[in-house]
Every structure is written in C-alpha cells, then in structure tokens.
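Participant: One structure coming up, written as structure tokens, with questions to follow.
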2 protein chains.
Amino acid sequence: MSPVVGSAFFLFYLLALCNASGADIALDAKATLLHRIDSLNLLIYTCLLTLTVLTIWVFKHRRVSWLHETGLAVIYGLIVGAIIRYASSTNQVTYIDAHPAPDTKYNLSVPPDILRFRFPDKIQISSGDTVPNKTYAYSFRGEIVNLEQNEIDLKATFDPEIFFNIILPPIIFHAGYCLKRKYFFRNLGAILTFAMVGTALSALVIGALMYGFVQLMPASLASSFTFLDTLYFGALISPTDPLTVLAIFSQLKVDVNLYAMIFGESVLNDAVALVLSGAIQNYEKRYSVDGGFEITAFLAAIGDFIGIFSLSLLVGALLGCFTALMTKFTHVRDWPLLESALFVLMSYAAFLIAEVFELTGVVAVLFCGICQAHYTYNNLSSDSRNRTKQLFELLNFLAENFIFTYIGVSMFTFPKHHFDPWFIIAGFLTSTLGRAVNIYPLSFLLNLGRKPPIPMNFQHMLFFSGLRGAMSFALAIRNTVSEARQAMLTTTSLIVIATVVLQGGAATHALAYLRIPTGQGQNDENEALPYRDVRSLYQATDSGRPTGDVGFGLRNLDAPTASSDMATETPRSGEAGEKARLARLWGALDSRLLKPLLTHARPPLTETLPGFLSPLARILTTTRQYTQADNSLRRTDSDSDLCLDEPQPVPTSIDPQLSFSLRNGYGNV
Amino acid sequence: MSPVVGSAFFLFYLLALCNASGADIALDAKATLLHRIDSLNLLIYTCLLTLTVLTIWVFKHRRVSWLHETGLAVIYGLIVGAIIRYASSTNQVTYIDAHPAPDTKYNLSVPPDILRFRFPDKIQISSGDTVPNKTYAYSFRGEIVNLEQNEIDLKATFDPEIFFNIILPPIIFHAGYCLKRKYFFRNLGAILTFAMVGTALSALVIGALMYGFVQLMPASLASSFTFLDTLYFGALISPTDPLTVLAIFSQLKVDVNLYAMIFGESVLNDAVALVLSGAIQNYEKRYSVDGGFEITAFLAAIGDFIGIFSLSLLVGALLGCFTALMTKFTHVRDWPLLESALFVLMSYAAFLIAEVFELTGVVAVLFCGICQAHYTYNNLSSDSRNRTKQLFELLNFLAENFIFTYIGVSMFTFPKHHFDPWFIIAGFLTSTLGRAVNIYPLSFLLNLGRKPPIPMNFQHMLFFSGLRGAMSFALAIRNTVSEARQAMLTTTSLIVIATVVLQGGAATHALAYLRIPTGQGQNDENEALPYRDVRSLYQATDSGRPTGDVGFGLRNLDAPTASSDMATETPRSGEAGEKARLARLWGALDSRLLKPLLTHARPPLTETLPGFLSPLARILTTTRQYTQADNSLRRTDSDSDLCLDEPQPVPTSIDPQLSFSLRNGYGNV
C-alpha cells in the first residue's frame, strides 16, 4: 500500500505546486496551468480506478467477501478526497464585481451570453507590473445566490450534468441490454408494482415524513424547506442501486426470481425516479412559488410524468426496433466493425433524440437497450455480439466505479455541502422507512393474487437490498443552489456511502441469516441447463455454417410458443385475469409480428399475417427465415447469451481447477 | 437517399425552431434550450456517422472503389455544413460591455476568473417586462482580439481542444497498437528518415516558400504573416494521414514493406509535427515578438523539440512496460474485465501524465500503444486481447469518421475562416512540393546504403500517399486568433478535403498505373503463412490448457533469435554498419532482457542474466516461463495477431464463398 500512498502524495505535491506558482504568471501560462490541473484531476481519478481494479483483483484472488468493489471505490474516494481537502493549498477563484458600461443598449430580458471586459481598466494593480489594457470575453455561467460564499473551490469536481450526459447513459443502457428478459417478464407484475407504485409511494412517504421532521427542527433550516423540497428529496432517495447486491447474488447463484425482481426493480425505479423528480421540478417551476398545493398543477405534473415517461420509452423502443430492421435487411453484418458502429450510434441517437425533444434520455436509453437485446441482438454477427457486450460491459464497469469514487472524493472536495445532523438522521430514518413501505405492503397485496407468493425471507431480502447509488447522487448534486438542496446532497451522499459500504458488505451474511438458498442446485440450473445444451449444440453446427439440409420444409405453428417466454410464462406470476390476458396478448404480438418482422426468427410473417397482407409479408421475410430449421429457434431468442449467465467473465488461468472454484465464489464455503 | 435528406431537413427545421423561440423566454428555458441545441449538434453528427456507416456498407457491398469512406465522411459533412449555414437562422450571441466597479480591490496581473455582474442594473430593458435585479457569474473565456467581429456563431462547432484531448488519442493509440512491428523495424531506417528528417525538411521548405509567396501577395495579407507563421504552416501541413491509402493497400494486399513505410512514416510524422509546431510556438512566445531570428532561441526550440519528444516517448513507454509488469506478475488475467479496464486506464494515464508534465500526450499515447502491443499484449488473456483490439478498433473508426465529418461541416459553419485565393493556391503548390522534397532526395540518400533499394515506383507511390488529414486540421483549428491563422485554417481544410477525396479516390488507379504488384502472392504470404500455422496450432492446444508435459526441460539459447525480429532482420534493411549494430544491440536487449522481464516469453531471465543476478532473475521469472515449451515462443511474439492481418474483420455472412471474395477485395478484379 505504501507506494500507492507515496505516489498519491506526489500527485498532491504537484497539485500544490501548480497552485503555488499560479498567482503571478502570465495569462497564457495560466491557461496551460488550468489544462494541467484538469489533466491532474483526471489523472487522480484514473489512478483511483486503477487502484480499485487492482484491489478488486486482490480481493477476488484472496476470496474476500466482506467488502464489495463499489464499497471499495467509495472508501478510496473518501481517503483521497480527504487528502486533497487537507493536504493541498486552496486554489482560490478570483472575483471582480462588474457593471455595464453607461451607454449600453440591450433589449432582452435575459442576461447576455458574453461580457466584454477591459482589464485592468481603472483598477490599480499593486504588484508593480504594467499590465497592458486588453479586452477579454467572459461567458455566462449562472446565478450567484449567496454573495458571501465566494470561495468556490473547484478541486477535483466536475459539472454535475456530466453524470446525466456521460456517466449514467452507458450504465443504464448496459442494464437494459443485460436484462434477463425471461425472468423479468415472468415477474413483470411484481417488478412494475415495486418500481412504479412503490417508488411513488416511497417518495411520498419520505417527502411527508421529512416535511414533518423539518418542522420540528431549529427554525433556520425549517424555513428554507418547502413541501416540494422534501418531496423532491423523497423522489431522489427512493431509487435503489443494484450493483453490489447483484454482484454477490450472481456469485452465489441466488434464486433467479429474486434476482430478477431486485434487478428489474432497481433498473426501472431509476427511470421512474428521474422522471418523477423532473415532474416535481416542473410543478415547482411553473405553478407554485410558495410551495402550496394546486390541483390543476398537480394533475399537470402527473400528466408530465406519464407523458415524458411513455414518450421516452417510445423513442428508445423505436430506435431499438429501427436498428433491428437495419441489421435484418442489410448485409451490414458481413462487416462487424460497421455493424457495431451502427449499433452504438443508434443507441446513442436514442439518448440524443430524447434530449432534443425535452424527454429523458436516460429512460430512452434503457428501453433502447432492452429492445436492442430482444430484437437487434439476434440479427448481429457473433463478432458484433461479443464486441457490443464487451464494450458496454467495460464502459459500465468504468462508469460505475468512477461514479462511486467520485461520491467518495466529492464528500470532501465538493464545495456545496451542508452538514445538518438532524436532517441527516431524519434522512436515514425516513429512507429506511420508505423502503419498508415500498416492499412489505406491496408484497402483501401482490401475494393476494400471485401464484407462488413472495416468501417472507425474500421480502426481507428485497428490503435489505435497498441500497442507494448513482442515480440518487446524480439527482442530488444536480441542483445545490439553496441551503436546503445542499443539506439534501450531504444526506444523500452519506446514505449512499453507508448503504453501499455497510449493507453491501453484509449482503452475504444477510443471505445466510435469512436462509435464502444459494448454490448451483437452484432453478437457474434446472431451467438453464437444457437451454444451454441446445445452444452449445447449435453453436457447434453454426460454426460450420448452416448447410442446405437443415429442414427447409419444416414449418409448424406450434413453434412460436417456444420463443415467447412472456406469452406463456407471465400467467404464472398471475395477478388479475385482465393483466394476464394483456401480457398474453403482448406475447402473441411479439412472437407472431414483432419478432418475425424485426429478426430472423421463425415463424415467418407469411404464416402469421392474414392472407391479404401476404405480398407485404413476403417482402419483409428474409431467405434466412424460410430456410432456418425450427430447432434453431432457441438460438435466435438468445436470452442466456447476455450478461446474467456470466457474472464473471470466464477465467483463463493456468490452473482450471482453482479458477473454477474462484469463479463460483466458493470463498465463503 | 431522399428519406435521409428529409430527416436532415427536419433536424434543421428543429434547429431553426430552437433559435427562433430563444429570444424572449426566461433564463431557465434558455439553459434548457442551449442543452437541446448541444444535443441537436451531437445528434447531427451521430446521424452523419450513421449515414456514413450505411453508405460504406453499400459501397463495400456494391464494390465501389472510386471513393473511400473518409472521403465520403468529408463530402457528407460538406453537404450538411452547407445546409446548416444557409438553411437555419443565425443564433446571435448577445454582448454587453462591462467595467469593474469603482472601488474594486484586486492585486493580480491576470484578469479574474469570475465576474460578478448585476443584471439589468442600470440598463433600460425596452421589452416592457420588469426584470428582477440579480447577480450572475461570468467565467473567463479568452481575449477578444477583433472587437468588430462579434458575431461569433457557434453552430455545430466544438472547442478545438476536444481534438487533442478526446478525438486524437484513441486514433493515435490504435495506430501504435496496430503497428506491424516486424516490418516496421525492418524498415526502421527509412521510416525514421522520412518521418524525422523528412517532416522537418518539408516544414522548412514549405515555410520558406510560403514566406516568399506571401511577400509577393497584396500588402494586406503580407504584413500579417511573419516567417514563424509560415513555418508553423509548414509544420502543420507536413504530417500525412495514412487512413485512406492504407485501407486500399490492405484490401489489395500491396507489398508489406511499402505498407510499413507509409504507415510507419505517417504515424511518426504526426507525432513529429505536433511536437515541432509546439516548439515553434514556444519559440515565438518566449523569444521573438517581431518574428526575427535569434540563434539562442533557435537552439532552445530544437532543445524543446528533442526534450519534449523523448520525454513523451519515455512516459508512454514506461507506462506500457508498467502495464506489462502488472499483467505479468498478477493473476488479473483470470478476470478479463478487470484486465481490460486496467489496460485502458493505464494507457489513458500515459496521456494524462504527459499532459500534466507539459509534454505531448498524443506522442506518449503512441509509444504506449507500441509497448502495449509489443509486451503487454502477450500477457493478456485471449478475451482481453479481443476486447482491447475491438474496443480501440471501434473507437478509432468512430473518432476518424467524426473528425473527417467535422472537417466537412466546419468548412461552412466554423466562423473563423478566411478565404484568400492566393494563399490557398500557394498552399496547394508548396505542400505538394514539400512532399516531393521529403520523398525523392531522401529516398536517393537512403538507396545509397539500403540493400534492396526503394524502387522508383514505390517512391512515386510514397509521394502520392501524402494525403493530409486529422492532425493537420486539428493543429490548424487550434489557434485562429489572427487573420493569418484563419487563412491557414481555410487552406489546410481545403488541402485535407482535396487530398482525401481526390487522391484517396485515385489511389487504386495510381497503384495500377505505377505497376505496383498487388494480390496474394506477395511477401506477406510467404512470410506470414508458416507463422500463422504455428499460431493456430498453438491456439488449438492452448484452448485445452497447457498440460504438464509441454517440455519442461527444453531450454536452449538458440531460441531467442526466433522471437527477436528486430535483431535478426534489421541488418537486411542494412544502412551503415553503425546503425545495424545499434539495432542488433537493441534487438538483443529486447529478446534477452525486456521480453523475458515483461512477458512470459522464453528464454527466462535465469538463463540470460549473468550469474550474480540469478536470485533477482528467479524472482522475476514466472512458473509459466519455465514450463513453457520453446516451440510456443512464436505465439508470445504475437505480431500477426494485430490489426494488419485483419484489414476487415472476418465476415460471418450466410454465404462463405461470397463473403470470402468480398473480404479480400476482389471487387476490382
């Protein structure tokens, strides 16, 4: 560890050096200096990530299970943040108050984009140098709310919008692309209930309780919080983060239904919370300055929520389907590099289109990822499948660890923290309560109609998995304009750190304590093994290329059920008959229209569409769809290809015996 | 094509809409609007890249050879740039002149970072709204040189520094990672001569000639150019871009030595030109305001050049070797995801460290890439090899096409162009002449000592391959402060566009006209085939894991020569005896010390180091090195694994026959 600490200190020495010499050198050198400081900041995070990677390896190698990698990233971040805060000199930002020139003509009600500022003009520079009078451009940055607080020290911090535009999209896309759709759709009822109803309920309960708590607090803080503020806090602290728990789950081969519920819920509630907080902000902005309640504004906010969520979903799904069509009807798969580039560009376009139309890009990217996995993935060449999977796996890994490192570092270096012990305690209490309100009552209601009910120990585990993570932090740091918002950021950061480090570390023990069965003998194996056999069999023949004799004439209509998990499986999660019928309808649509249209799956549209559409159907069916044998259907519905089956990429160590036991997380046996 | 044009128009309609409504809405809405415009800009480039990808596919599918993909990207960029320029309304930036408050205290000689500006203060807003008086922060942006030119219209443009910090690093790293080191080292003498001496010579000749031309021009422009300006132009226009020509070369299987010379030269001359232009700027900044000549300053500039180049090289090489050590002595290869993350982070760290120390990050990244390929690559798991190769291939593809698209778009939208027909004509003439001065005299000199001399048709082809590309453009757009610099940018853009579109399109015909042999019967096959056989043989046994009986006892000292291409092969390119001895020395060092130290290659250090170091040698040798059979040596020197052998990733189309013929570029037969 000591060389690491040594090199860290060296970095900070360098930072201090940069700062010390920055005062009296020319402007050009100052620009160079700023670039160097930027590079140094990035280098600090790069070193932290490298350190995290190496420590993760050591932990895996030594079979340490009491601390997960995300917890590790947070702790490293905290240490380095403290060093930066206390070891390096402050890089004070210099200010001047400026006034418009007396004869200025200006007609707009918004401040100008650029100020033209003569320097030094009439200011006496006491340093003795003669400074040439020049004109400089200053660009608009934002409102200054607190004039006293002018020590904005931007060490090792980034613009919060970076999280929404650069860090979160690959994480969320990867979650959608990795979704184990089979189990996801089987538990769709429970997942949607927890994610939609549960998150809204949790936000409301936390918001109301916090508002009550705030009223009991010393007046200084109480007056700065409106009900909308606390409701916003409820919305941002409600989404859960799956990372830590799920990594342990897949290592220990926990029941797949529990896995699907936790993963599905946490993926969706990120999206729900993001749109919900946006709706609350819109409500605040448009209708209510004093935080009072207006029924029309409230309805408009609900309309906002539903409209933005569903339109974002639509944009993502459409772009996903469009990619599927492009990869199906062109032979771009002959050039995997082009194909992968197309895949990445279209997925990114989903994000951008949603943002251009003032929708939520992150939500669009989530559903784009799901569609890409469900349809496009089947059309891709095997090279592109690997490439896209591995690319997003790597991006996701780096982005996740970066954000958790940043949570740690920013705890010390971000200038807009406000520590209020009462608010923090209240935050911890209400967020725990909010999670309980989400899980237990809703599980009770779900169990009324659910065939295999959610057992009590699963409910406890669902409750226990309520770690807070990247989305909560990103929402909290987005707006730190008032003291109330700053107190929220501090509380959110602490909740994230505590849950990720403590709950994440205790997850293995919680599983054991709750007697949740783990190991290889689970459903996963029972169901996945024959499936895998089919796949590997097919892949073996596939590598030798399909020959002419793979059953051209075999066409039977019983086949589609095999590929439509949703249609046939969803009734097992059986809530009301209405819902099951809807799901069955969607399943039929998917397997008879969408899959044959968007992928090379059987049966071809010529068999499923009514007769009068057969000319159209013939155009939309590829030769491959006709010639494909029915027993290869399994292959095109390549659910098991995706990430869940590969919690850790297959090791290739020298000793296969050792690596096998490591991979399966036998460290705790 | 029409849906594409339609959707493009729709995008611009949207852009126009954004602009039209942007004038009189509140500040918050303005921020949203700016975000939407940013997203729209990115979306335009995403759509352009998608379009380029699809057209490339069509071209490959239809076997079009008269236009290369980079030329295509440029042309699409030009079309869309013209549409943006003439179809959408201007988004004028609003300005106010500001003065410091009368009682300001300020001691520094540099302008402040932030202005605090009250708005509207005493300005009369004629729109009739009452605007609340608030304080806003404005951050420093730069000097305003030309007060009249205030219509800075930033449509679809990016900060030029983005090229150096985001776009160029993956391109250059990929070039280093892909370098066919065997042929590179065999032609090292010629490559270094062309890249180092040639680029400097070319810069000098172009600079001197341009200075002469400028003196003959109308006085308005002539007075604004110093000799250093034209020399800077010479430095930025000298580096060549390999993309277009090399894609055609590898498709047609052109002679590998010619390939290596063109590729190696263009990779290195990018680095040389970057450092050279930096040295010229330093010279200008530090010593010479009037553009005169000072001998000490000139020597300091040369010192700058040598120092920065070699230190950057060192940083890159050290980080590469450090990665090799980490991957050799840890078992991180058991987790390919961690391993790939480590690889990416360390390579990025090379860039950042160089930037922090005011060296050239791009140069560091190039040599880091070479070291990663030469050492680290051998230690990686096969999963990580694939992943890193594919990742950088994809990043390179996207970055390249983005920069060429941007060159096209910016031709119309970048506000700081200055069209001066005389300067443009002079630029075309001198850049052609500069290339000729680089190739023909140096080839003549090289041929005096070179055993297989560079034939005349190869020299013509080297001359013809002098396309200008990304580096020239990035250097030109970096500084557009004066009219002279703007004229340089315009000329550079036009030269890049003309050479990429015209010369790139004509490359196939040039090959035929110059009777340069193409096809499979080349050296490449003669040498690469047996090599490949060894590899595939070894890979077959490798997938079954090395067993205990793979020749533990076989250790002979003859083996190392097999793995050190440089040592044994360089004399064949034989220049002076001195140089060949140096190269042989390096080859011996590489195969006896560096390779055994940094990779698992045989012979182990225990055999190559002197006896008194044997305890150290034993520590630094892995079990795998002892147990590895000598005939697997070939595998660890995995040159042929890298990109050159795979000009196009292996297609996996339905018809293997068809895809095979496509892959080998038989379109022109």
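We name chains A, B, ... following the order of the structure tokens; residues begin at 1 in each chain, and ligands are numbered from 1 as shown.
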I want to know what sits within 9 Å of Ala190 of chain A, based on only C-alpha atoms, with residues of the same chain fewer than 3 positions away left out; could you give that as a PyMOL selection string?
Facilitator: chain A and resi 187+193-195+261+265+442-443+446+450+573
Participant: Residues as selected, N, CA, C and O atoms, written as a PDB file, in the first residue's frame, can you do that?
Facilitator:
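Output file result.pdb is given in full below:
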ATOM      1  N   ASN A 187     -41.765 -12.076 -13.861  1.00  0.00           N
ATOM      2  CA  ASN A 187     -42.056 -11.343 -12.635  1.00  0.00           C
ATOM      3  C   ASN A 187     -42.478  -9.914 -12.914  1.00  0.00           C
ATOM      4  O   ASN A 187     -42.368  -9.045 -12.046  1.00  0.00           O
ATOM      5  N   THR A 193     -44.996  -3.219 -10.063  1.00  0.00           N
ATOM      6  CA  THR A 193     -45.614  -2.717  -8.835  1.00  0.00           C
ATOM      7  C   THR A 193     -44.571  -2.067  -7.942  1.00  0.00           C
ATOM      8  O   THR A 193     -44.756  -0.935  -7.483  1.00  0.00           O
ATOM      9  N   PHE A 194     -43.478  -2.785  -7.706  1.00  0.00           N
ATOM     10  CA  PHE A 194     -42.435  -2.221  -6.846  1.00  0.00           C
ATOM     11  C   PHE A 194     -41.849  -0.939  -7.462  1.00  0.00           C
ATOM     12  O   PHE A 194     -41.641   0.058  -6.771  1.00  0.00           O
ATOM     13  N   ALA A 195     -41.578  -0.980  -8.765  1.00  0.00           N
ATOM     14  CA  ALA A 195     -40.860   0.136  -9.383  1.00  0.00           C
ATOM     15  C   ALA A 195     -41.751   1.358  -9.546  1.00  0.00           C
ATOM     16  O   ALA A 195     -41.334   2.474  -9.242  1.00  0.00           O
ATOM     17  N   MET A 261     -36.326  -9.870  -9.678  1.00  0.00           N
ATOM     18  CA  MET A 261     -37.130  -8.834  -9.031  1.00  0.00           C
ATOM     19  C   MET A 261     -36.257  -7.667  -8.609  1.00  0.00           C
ATOM     20  O   MET A 261     -36.584  -6.509  -8.852  1.00  0.00           O
ATOM     21  N   GLU A 265     -36.484  -4.229 -10.645  1.00  0.00           N
ATOM     22  CA  GLU A 265     -36.998  -3.088  -9.899  1.00  0.00           C
ATOM     23  C   GLU A 265     -36.000  -1.945  -9.897  1.00  0.00           C
ATOM     24  O   GLU A 265     -36.362  -0.803 -10.163  1.00  0.00           O
ATOM     25  N   LEU A 442     -46.774  -3.721  -0.364  1.00  0.00           N
ATOM     26  CA  LEU A 442     -46.984  -4.095  -1.764  1.00  0.00           C
ATOM     27  C   LEU A 442     -46.805  -5.602  -1.953  1.00  0.00           C
ATOM     28  O   LEU A 442     -47.532  -6.221  -2.748  1.00  0.00           O
ATOM     29  N   SER A 443     -45.857  -6.197  -1.244  1.00  0.00           N
ATOM     30  CA  SER A 443     -45.707  -7.653  -1.326  1.00  0.00           C
ATOM     31  C   SER A 443     -46.977  -8.340  -0.829  1.00  0.00           C
ATOM     32  O   SER A 443     -47.444  -9.322  -1.418  1.00  0.00           O
ATOM     33  N   LEU A 446     -49.495  -8.018  -3.538  1.00  0.00           N
ATOM     34  CA  LEU A 446     -49.120  -8.883  -4.660  1.00  0.00           C
ATOM     35  C   LEU A 446     -49.406 -10.335  -4.340  1.00  0.00           C
ATOM     36  O   LEU A 446     -49.909 -11.086  -5.180  1.00  0.00           O
ATOM     37  N   ARG A 450     -50.811 -13.587  -6.449  1.00  0.00           N
ATOM     38  CA  ARG A 450     -49.655 -14.213  -7.061  1.00  0.00           C
ATOM     39  C   ARG A 450     -49.622 -15.691  -6.738  1.00  0.00           C
ATOM     40  O   ARG A 450     -49.818 -16.074  -5.580  1.00  0.00           O
ATOM     41  N   SER A 573     -47.065 -15.672 -12.971  1.00  0.00           N
ATOM     42  CA  SER A 573     -46.958 -14.632 -11.962  1.00  0.00           C
ATOM     43  C   SER A 573     -48.345 -14.134 -11.618  1.00  0.00           C
ATOM     44  O   SER A 573     -48.522 -13.305 -10.729  1.00  0.00           O
TER      45      SER A 573
END
Participant: Could you pull the residues within 7 Å of segment 365-368 of chain A, counting only C-alpha atoms, minus those fewer than 2 positions along the same chain, as a list in words?
Facilitator: Pro169, Ile172, Phe173, Gly176, Leu313, Gly316, Ala317, Leu319, Gly320, Ser347, Ala350, Phe351, Gly361, Val362, Val363, Ile370, Cys371 and Gln372 of chain A
Participant: Segment 411-428 of chain A: which residues within 9 Å, counting only C-alpha atoms, same-chain residues fewer than 4 positions away excluded, as a VMD selection string?
Facilitator: chain A and resid 77 to 78 80 to 85 151 to 157 206 209 to 210 213 to 214 217 221 233 237 406 to 407 432 to 433 480 to 481 483 to 495
Participant: So that I can check the surroundings of Pro160 of chain B, please list as a PDB file with C-alpha atoms, in the first residue's frame every protein, DNA and RNA residue that reaches within 9 Å of it, counting only C-alpha atoms and ignoring chain neighbours fewer than 2 positions away.
Facilitator:
ATOM      1  CA  THR B 157     -18.765  23.546 -33.742  1.00  0.00           C
ATOM      2  CA  PHE B 158     -16.714  22.246 -30.865  1.00  0.00           C
ATOM      3  CA  ILE B 162     -11.523  18.430 -27.942  1.00  0.00           C
ATOM      4  CA  PHE B 163      -9.492  17.095 -30.844  1.00  0.00           C
ATOM      5  CA  PHE B 164      -6.292  16.893 -28.848  1.00  0.00           C
ATOM      6  CA  ALA B 474      -6.503  19.767 -35.535  1.00  0.00           C
ATOM      7  CA  LEU B 475      -3.344  21.878 -35.463  1.00  0.00           C
ATOM      8  CA  ILE B 477      -8.080  24.885 -35.911  1.00  0.00           C
ATOM      9  CA  ARG B 478      -6.317  25.127 -32.557  1.00  0.00           C
ATOM     10  CA  ASN B 479      -5.383  28.758 -32.999  1.00  0.00           C
TER      11      ASN B 479
END
Participant: Atom CA of Gly234 of chain A and atom CA of Ala436 of chain A, how far apart in Å?
Facilitator: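 Here the two named atoms are 13.7 Å from each other.
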